[in-house]
Amino acid sequence: MRSNYLFTSESVSEGHPDKVADQISDAIVDLFLSKDPEARIACETLTTTQLVVLAGEIRCKGVYENGAWAPGAQDEIEKTVRDTVKRIGYEQDGFHWESFRFENNLHGQSAHIAQGVDASGNKDEGAGDQGIMFGFACDETPDLMPATLYYSHKILEQMAADRHSGKAPFLEPDAKSQVTLKFENGKPVAATAIVVSTQHGKGYDEGANEAELKNYVKAVVADVLPASLLSDQTVYHINPTGSFEIGGPDGDAGLTGRKIIVDTYGGAAPHGGGAFSGKDPTKVDRSAAYVTRYLAKNIVAAGLARRCTIQLAYAIGVSEPLSLYVDTHGTCADGVTDAAIEQAIGKIEELGGLTPRGIRTHLGLNKPIYSKTAAYGHFGRTPEGDFFPWEKTDLADKLKAALA
């Protein structure tokens with residue numbers, strides 16, 4: 001591992017067009033899971049000027065069965081979509097929650113996919129697709145996340161909170177952030193560059209209004225980042241294009257699953273390529289990525305390593321994972337090896353052998369808990385009630401005991 005370097009991560013706000021799509025897709029997941037915990041959903045969303053389109057495959061008792069919608073189901077889907085856009089805050093001529101055109105092109109799940117996933121006879125439930133999934137944790141922040149992504153998220157979360165509360169009425173929903181940190185001996189020591197581009201109200205690209213907006217953003221950065229990282233040497237790029245009045249789906253089309261690095265580790269760890277939003281937890285793109293984060297976080301929380309990457313691999317229709325790989329990047333505690341951690345994970349019965357069913361059961365994933373994941377990252381969040389169970393560190397002592 002390099003010890004001294006610059007590293008950068010970006011985030012996007014809930015009003016970014018791709019994130020609008022992600023939030024709509026996950027609102028549909030939550031809607032169907034609230035009706036049927038065993039529902040199957042693969043919902044893709046397209047957003048553009050005054051238009052939202054849903055496409056994908058579903059199976060849900062009482063909502064869509066035998067190729068037909070239940071009475072009122074499509075109206076409830078449209079209301080869910082419009083309520084999601086309203087919550088984000090889009091009431092603009094180019095994209096308004098009340099007046100955009102809506103198309104629902106969801107249809108029944110392929111029987112050939114279902115037969116591989118469904119349990120039957122002596123066959124356990126299989127993975128919903130093939131693929132590789134990665135989880136990661138490091139000791140750079142209290143939430144065991146890469147610092148560059150952690151602060152990029154926090155900047156936009158604070159700006160969104162101020163927009164919704166009315167504290168910053170000049171802000172509109174679409175925004176992006178980017179944080180570059182200098183690392184020495186593997187630890188962040190300085191913020192060298194901060195980039196924030198935010199959609200704004202009319203006239204906030206010139207004169208005193210522009211100065212107000214830029215001063216506000218700098219104040220947010222100062223609140224979010226530790227003072228020790230900021231200095232007169234920190235370079236700010238705030239709305240560097242000049243004007244950003246036209247944004248969101250009116251400024252650029254949005255699609256589900258295009259912000260997978262923002263959703264995960266900001267480029268600090270590998271990514272298997274599969275998106276999360278719009279998918280029920282039989283899809284290991286989602287559930288296995290969650291459990292690998294859960295394992296990596298518990299390994300770091302247990303003091304077994306300062307940095308940990310985990311990979312799982314699956315075949316569609318097959319329940320057992322094809323491989324488990326642990327890499328602690330040379331940061332293992334004394335007397336601990338990556339191979340020993342792999343063996344310790346296999347000893348934890350609660351994980352159910354890391355089968356799709358075992359993962360879903362242990363983490364409680366067959367619940368409507370996904371809308372909250374669809375903006376500001378799926379990881380590094382605070383577990384509360386049923387939400388973000390993969391962020392708990394309740395395996396730390398069991399992992400240490402398994403290594404004893």
# chains A, B, ... in the order shown; residues from 1 in each chain; ligands from 1
$ closest_atom_pairs --of "region 316-384 of chain A" --to "region 155-162 of chain A" --cutoff "12 Å" --atoms "only C-alpha atoms" --output "CSV"
residue,atom,partner,partner_atom,distance
A:Ala375,CA,A:Glu157,CA,9.1
A:Tyr376,CA,A:Glu157,CA,7.1
A:Gly377,CA,A:Glu157,CA,10.6
A:Arg381,CA,A:Glu157,CA,11.9
$ select_by_dssp --residues "region 329-384 of chain A" --states "helix (DSSP H, G or I)" --output "list in words"
Asp338, Ala339, Ala340, Ile341, Glu342, Gln343, Ala344, Ile345, Gly346, Glu349, Glu350, Leu351, Gly352, Gly353, Leu354, Pro356, Arg357, Gly358, Ile359, Arg360, Thr361, His362, Leu363, Ser371, Lys372 and Thr373 of chain A
$ closest_residue --among "A:Gln50, A:Thr180, A:Asn298, A:Ser11" --to "Glu91 (chain A)" --atoms "only C-alpha atoms"
A:Gln50
$ residues_around --residues "region 123-134 of chain A" --least-positions-apart "3" --cutoff "9 Å" --atoms "only C-alpha atoms" --output "ChimeraX atom specification"
/A:113-114,116-120,269-274,281-286,288-290,292-293,309-321,355-357
$ closest_residue --among "A:Asp205, A:Leu33, A:Leu403, A:Leu6" --to "Ala191 (chain A)" --atoms "only C-alpha atoms"
A:Leu6
$ residues_around --residues "region 210-219 of chain A" --least-positions-apart "2" --cutoff "12 Å" --atoms "only C-alpha atoms" --output "PyMOL selection string"
chain A and resi 155-156+158-160+162-163+167-172+175-177+193-208+221-225+227+230-231+234-240+242-244
$ closest_residue --among "A:Val29, A:Leu395, A:Leu181, A:Ala68" --to "Ser277 (chain A)" --atoms "only C-alpha atoms"
A:Val29
